[in-house]
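Asks: This is the structure, below, for whatever I ask next.
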Amino acid sequence: MEDQELQRWVERVSLAYFDRPFLHKATFNSRLRSTGGRYFTQSHNIEISPHQLEAYGVEETEAIIKHELCHYHLHLQRKGYQHRDADFKQLLAKVGATRHCRALPGATRRLPVKYLLVCQACGMQYPRKRRTDPRKYACGKCRGKLKLYEAVPAPAPGDAGARR
């Protein structure tokens, strides 16, 4: 699907569900992976992830378009357009839009644990993704001193019994 087709699709959805025209630009952005779409408050343009369309089809993508149009129309009406606002939540329910898009297949969003803070008194462990200065913190359980260690990476699946 091309950007021109997406533009017409967004315009049709806007008129059908919101009874208001979409007067700005809608485009695909292939760099969007952890989000289904974006609404820009300065330009009022909308970007949609083509990966969502490929992975989940027209229905899921239309729900994403409705979500972004909720941001668009509420912002232009000077109402609460952010995810936390009641106006936004009510309009989402009214038009049948999703609050969050589905995760893309194979996409992981968690960073690996690289460090481990260990309490010297009680042995409590605190996994960390970033290096931390243990002198700045104390154990949350017993208030003991912490020591920083590099975490041992877990073996990859299939490597458990591998011999060379």
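Labels used: A, B, ... for chains in the order of the structure tokens, numbers from 1 for residues in each chain, and numbers from 1 for ligands as shown.
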Would you list the contacts of region 92-102 of chain A as a VMD selection string, taking every protein, DNA or RNA residue within 9 Å and counting only C-alpha atoms, but skipping same-chain residues closer than 3 positions in sequence?
Replies: chain A and resid 17 to 18 34 to 37 52 56 60 to 68 70 83 87 to 89 105
Asks: Please return as a list in words: the residues of region 35-131 of chain A that backbone DSSP assigns to strand (DSSP E or B).
Replies: Gly37, Arg38, Tyr39, Ile46, Glu47, Ile48, Tyr115, Leu116, Leu117, Val118, Cys119, Gln125, Tyr126, Pro127 and Arg128 of chain A
Asks: Just all heavy atoms for this one: save the residues we selected as a CSV table (one decimal), in the first residue's frame.
Replies:
chain,number,residue,atom,x,y,z
A,37,GLY,N,1.5,3.8,15.6
A,37,GLY,CA,1.3,5.1,14.8
A,37,GLY,C,1.7,6.2,15.7
A,37,GLY,O,1.9,6.1,16.9
A,38,ARG,N,1.8,7.4,15.1
A,38,ARG,CA,2.2,8.6,15.9
A,38,ARG,C,1.3,9.8,15.3
A,38,ARG,O,1.0,9.9,14.1
A,38,ARG,CB,3.6,9.0,15.7
A,38,ARG,CG,4.6,8.1,16.3
A,38,ARG,CD,6.0,8.7,16.4
A,38,ARG,NE,6.5,8.9,15.1
A,38,ARG,CZ,7.8,9.2,14.8
A,38,ARG,NH1,8.6,9.3,15.8
A,38,ARG,NH2,8.3,9.3,13.6
A,39,TYR,N,0.9,10.7,16.3
A,39,TYR,CA,0.3,11.9,15.9
A,39,TYR,C,1.2,13.1,16.3
A,39,TYR,O,1.7,13.1,17.4
A,39,TYR,CB,-1.1,12.1,16.6
A,39,TYR,CG,-1.6,13.5,16.5
A,39,TYR,CD1,-2.0,14.1,15.3
A,39,TYR,CD2,-1.7,14.3,17.7
A,39,TYR,CE1,-2.4,15.4,15.3
A,39,TYR,CE2,-2.2,15.6,17.6
A,39,TYR,CZ,-2.6,16.1,16.4
A,39,TYR,OH,-3.0,17.4,16.4
A,46,ILE,N,0.0,12.5,10.7
A,46,ILE,CA,-0.1,11.1,11.3
A,46,ILE,C,0.8,10.2,10.6
A,46,ILE,O,0.9,10.3,9.4
A,46,ILE,CB,-1.5,10.6,11.3
A,46,ILE,CG1,-2.4,11.4,12.3
A,46,ILE,CG2,-1.6,9.1,11.6
A,46,ILE,CD1,-3.9,11.0,12.2
A,47,GLU,N,1.6,9.4,11.3
A,47,GLU,CA,2.4,8.3,10.8
A,47,GLU,C,1.9,7.0,11.2
A,47,GLU,O,1.5,6.8,12.4
A,47,GLU,CB,3.9,8.5,11.2
A,47,GLU,CG,4.6,9.6,10.6
A,47,GLU,CD,6.0,9.7,10.9
A,47,GLU,OE1,6.5,9.0,11.9
A,47,GLU,OE2,6.7,10.5,10.3
A,48,ILE,N,1.8,6.0,10.4
A,48,ILE,CA,1.4,4.7,10.7
A,48,ILE,C,2.5,3.7,10.3
A,48,ILE,O,3.2,3.8,9.3
A,48,ILE,CB,0.1,4.3,9.9
A,48,ILE,CG1,-1.0,5.3,10.1
A,48,ILE,CG2,-0.4,2.9,10.1
A,48,ILE,CD1,-1.6,5.3,11.5
A,115,TYR,N,23.9,-6.4,35.1
A,115,TYR,CA,24.6,-6.3,36.4
A,115,TYR,C,23.7,-6.8,37.5
A,115,TYR,O,22.5,-6.9,37.3
A,115,TYR,CB,24.9,-4.8,36.6
A,115,TYR,CG,25.8,-4.2,35.6
A,115,TYR,CD1,25.3,-3.5,34.5
A,115,TYR,CD2,27.2,-4.4,35.7
A,115,TYR,CE1,26.1,-3.0,33.6
A,115,TYR,CE2,28.0,-3.9,34.7
A,115,TYR,CZ,27.5,-3.2,33.7
A,115,TYR,OH,28.3,-2.7,32.7
A,116,LEU,N,24.3,-7.1,38.6
A,116,LEU,CA,23.5,-7.6,39.8
A,116,LEU,C,24.1,-6.9,41.0
A,116,LEU,O,25.3,-6.9,41.3
A,116,LEU,CB,23.8,-9.1,39.9
A,116,LEU,CG,22.8,-9.9,40.6
A,116,LEU,CD1,21.4,-9.8,40.0
A,116,LEU,CD2,23.2,-11.4,40.6
A,117,LEU,N,23.2,-6.2,41.7
A,117,LEU,CA,23.5,-5.6,43.0
A,117,LEU,C,23.1,-6.7,44.1
A,117,LEU,O,22.0,-7.2,44.1
A,117,LEU,CB,22.7,-4.3,43.3
A,117,LEU,CG,23.2,-3.1,42.5
A,117,LEU,CD1,22.2,-2.0,42.8
A,117,LEU,CD2,24.6,-2.7,42.9
A,118,VAL,N,24.1,-7.0,44.9
A,118,VAL,CA,23.8,-8.1,45.9
A,118,VAL,C,24.1,-7.5,47.3
A,118,VAL,O,25.1,-6.9,47.6
A,118,VAL,CB,24.7,-9.3,45.7
A,118,VAL,CG1,24.5,-10.4,46.8
A,118,VAL,CG2,24.5,-9.9,44.3
A,119,CYS,N,23.2,-7.7,48.2
A,119,CYS,CA,23.3,-7.2,49.6
A,119,CYS,C,24.3,-8.1,50.3
A,119,CYS,O,24.3,-9.3,50.3
A,119,CYS,CB,22.0,-7.2,50.3
A,119,CYS,SG,22.1,-6.7,52.1
A,125,GLN,N,19.1,-9.9,46.0
A,125,GLN,CA,19.7,-9.6,44.7
A,125,GLN,C,18.8,-8.6,44.0
A,125,GLN,O,17.6,-8.7,44.0
A,125,GLN,CB,19.9,-10.8,43.8
A,125,GLN,CG,20.9,-11.8,44.4
A,125,GLN,CD,21.0,-13.0,43.5
A,125,GLN,OE1,20.4,-13.2,42.5
A,125,GLN,NE2,22.0,-13.9,43.9
A,126,TYR,N,19.4,-7.6,43.3
A,126,TYR,CA,18.7,-6.6,42.5
A,126,TYR,C,19.3,-6.6,41.1
A,126,TYR,O,20.4,-6.0,40.9
A,126,TYR,CB,18.9,-5.2,43.2
A,126,TYR,CG,18.4,-5.1,44.6
A,126,TYR,CD1,19.2,-5.3,45.7
A,126,TYR,CD2,17.0,-4.9,44.9
A,126,TYR,CE1,18.7,-5.3,47.0
A,126,TYR,CE2,16.5,-4.8,46.2
A,126,TYR,CZ,17.4,-5.0,47.2
A,126,TYR,OH,16.9,-5.0,48.5
A,127,PRO,N,18.6,-7.2,40.2
A,127,PRO,CA,19.1,-7.2,38.8
A,127,PRO,C,19.0,-5.8,38.2
A,127,PRO,O,18.1,-5.1,38.4
A,127,PRO,CB,18.2,-8.2,38.1
A,127,PRO,CG,17.1,-8.4,38.9
A,127,PRO,CD,17.4,-8.0,40.3
A,128,ARG,N,20.0,-5.4,37.4
A,128,ARG,CA,20.1,-4.1,36.8
A,128,ARG,C,20.5,-4.2,35.4
A,128,ARG,O,21.4,-5.0,35.0
A,128,ARG,CB,21.1,-3.2,37.5
A,128,ARG,CG,20.7,-2.8,38.9
A,128,ARG,CD,19.5,-1.8,38.9
A,128,ARG,NE,19.0,-1.5,40.2
A,128,ARG,CZ,17.9,-2.0,40.7
A,128,ARG,NH1,17.2,-3.0,40.1
A,128,ARG,NH2,17.5,-1.6,41.9
Asks: To one decimal place in Å, what is the distance between CA of Lys114 (chain A) and CA of Arg131 (chain A)?
Replies: 7.8 Å
Asks: Quick one, how far is CA of Pro50 (chain A) from CA of Phe28 (chain A)?
Replies: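 Atom-to-atom, CA of Pro50 (chain A) and CA of Phe28 (chain A) are spaced 5.9 Å apart.
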Asks: Closest to Arg12 (chain A) among A:Leu69, A:Gly106, A:Lys147, A:Cys142, using only C-alpha atoms?
Replies: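 The answer is A:Leu69, which sits nearest to Arg12 (chain A).
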Asks: Show me, as number ranges by chain, the residues that have an atom within 8 Å of Phe22 (chain A) when counting only C-alpha atoms, minus same-chain residues fewer than 5 positions from it.
Replies: A: 10-11, 14-15
Asks: Choose the residue, out of A:Cys139, A:Cys122, A:Met1, A:Val113, that has the smallest atom-to-atom separation from Ala151 (chain A); count only C-alpha atoms.
Replies: A:Val113
Asks: Mind listing the helix (DSSP H, G or I) residues of chain A, per DSSP on the backbone, as an NGL selection string?
Replies: :A and (3-18 or 50-76 or 86-95 or 134-136)
Asks: Write the residues of the preceding selection, restricted to C-alpha atoms, as an mmCIF file, in the first residue's frame.
Replies:
data_model
loop_
_atom_site.group_PDB
_atom_site.id
_atom_site.type_symbol
_atom_site.label_atom_id
_atom_site.label_comp_id
_atom_site.auth_asym_id
_atom_site.auth_seq_id
_atom_site.Cartn_x
_atom_site.Cartn_y
_atom_site.Cartn_z
ATOM 1 C CA ASP A 3 1.099 6.681 1.119
ATOM 2 C CA GLN A 4 -1.618 8.047 -1.210
ATOM 3 C CA GLU A 5 -3.849 5.057 -0.448
ATOM 4 C CA LEU A 6 -3.198 5.488 3.289
ATOM 5 C CA GLN A 7 -4.103 9.187 2.995
ATOM 6 C CA ARG A 8 -7.455 8.326 1.369
ATOM 7 C CA TRP A 9 -8.061 5.587 3.954
ATOM 8 C CA VAL A 10 -7.449 7.960 6.878
ATOM 9 C CA GLU A 11 -9.725 10.581 5.276
ATOM 10 C CA ARG A 12 -12.523 7.990 4.848
ATOM 11 C CA VAL A 13 -12.181 6.725 8.452
ATOM 12 C CA SER A 14 -12.207 10.305 9.742
ATOM 13 C CA LEU A 15 -15.459 11.130 7.977
ATOM 14 C CA ALA A 16 -17.114 7.799 8.786
ATOM 15 C CA TYR A 17 -16.320 7.635 12.516
ATOM 16 C CA PHE A 18 -15.701 11.244 13.552
ATOM 17 C CA PRO A 50 3.441 -0.541 7.784
ATOM 18 C CA HIS A 51 4.666 -3.494 9.866
ATOM 19 C CA GLN A 52 1.336 -3.554 11.735
ATOM 20 C CA LEU A 53 -0.520 -3.778 8.419
ATOM 21 C CA GLU A 54 1.714 -6.627 7.248
ATOM 22 C CA ALA A 55 1.514 -8.539 10.527
ATOM 23 C CA TYR A 56 -2.118 -8.050 11.562
ATOM 24 C CA GLY A 57 -4.021 -6.805 8.526
ATOM 25 C CA VAL A 58 -6.562 -4.123 7.760
ATOM 26 C CA GLU A 59 -8.722 -4.411 10.913
ATOM 27 C CA GLU A 60 -5.871 -3.820 13.369
ATOM 28 C CA THR A 61 -4.429 -1.019 11.240
ATOM 29 C CA GLU A 62 -7.816 0.695 11.055
ATOM 30 C CA ALA A 63 -8.028 0.557 14.865
ATOM 31 C CA ILE A 64 -4.613 2.256 14.988
ATOM 32 C CA ILE A 65 -5.797 4.906 12.516
ATOM 33 C CA LYS A 66 -8.857 5.550 14.715
ATOM 34 C CA HIS A 67 -6.572 5.891 17.741
ATOM 35 C CA GLU A 68 -4.390 8.482 16.013
ATOM 36 C CA LEU A 69 -7.476 10.307 14.723
ATOM 37 C CA CYS A 70 -8.732 10.535 18.316
ATOM 38 C CA HIS A 71 -5.533 12.409 19.184
ATOM 39 C CA TYR A 72 -5.916 14.550 16.049
ATOM 40 C CA HIS A 73 -9.541 15.630 16.453
ATOM 41 C CA LEU A 74 -9.394 16.190 20.210
ATOM 42 C CA HIS A 75 -6.215 18.248 19.889
ATOM 43 C CA LEU A 76 -7.756 20.452 17.215
ATOM 44 C CA ALA A 86 -11.090 11.316 30.027
ATOM 45 C CA ASP A 87 -12.077 12.913 26.683
ATOM 46 C CA PHE A 88 -9.576 10.687 24.904
ATOM 47 C CA LYS A 89 -10.717 7.509 26.655
ATOM 48 C CA GLN A 90 -14.383 8.261 25.921
ATOM 49 C CA LEU A 91 -13.741 8.934 22.233
ATOM 50 C CA LEU A 92 -11.662 5.740 21.935
ATOM 51 C CA ALA A 93 -14.590 3.721 23.293
ATOM 52 C CA LYS A 94 -17.100 5.535 21.085
ATOM 53 C CA VAL A 95 -15.275 4.855 17.795
ATOM 54 C CA PRO A 134 26.401 0.646 44.907
ATOM 55 C CA ARG A 135 27.616 3.292 47.394
ATOM 56 C CA LYS A 136 24.593 5.426 46.552
#
Asks: What does the structure give for the distance between CA of Leu104 (chain A) and CA of Asn29 (chain A), in Å to one decimal?
Replies: 14.8 Å
Asks: Pick out the closest residue to Lys129 (chain A) from this set: A:Asp85, A:Gly144, A:Leu111, A:Arg20. Count only C-alpha atoms.
Replies: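 The shortest atom-to-atom distance to Lys129 (chain A) comes from A:Leu111.
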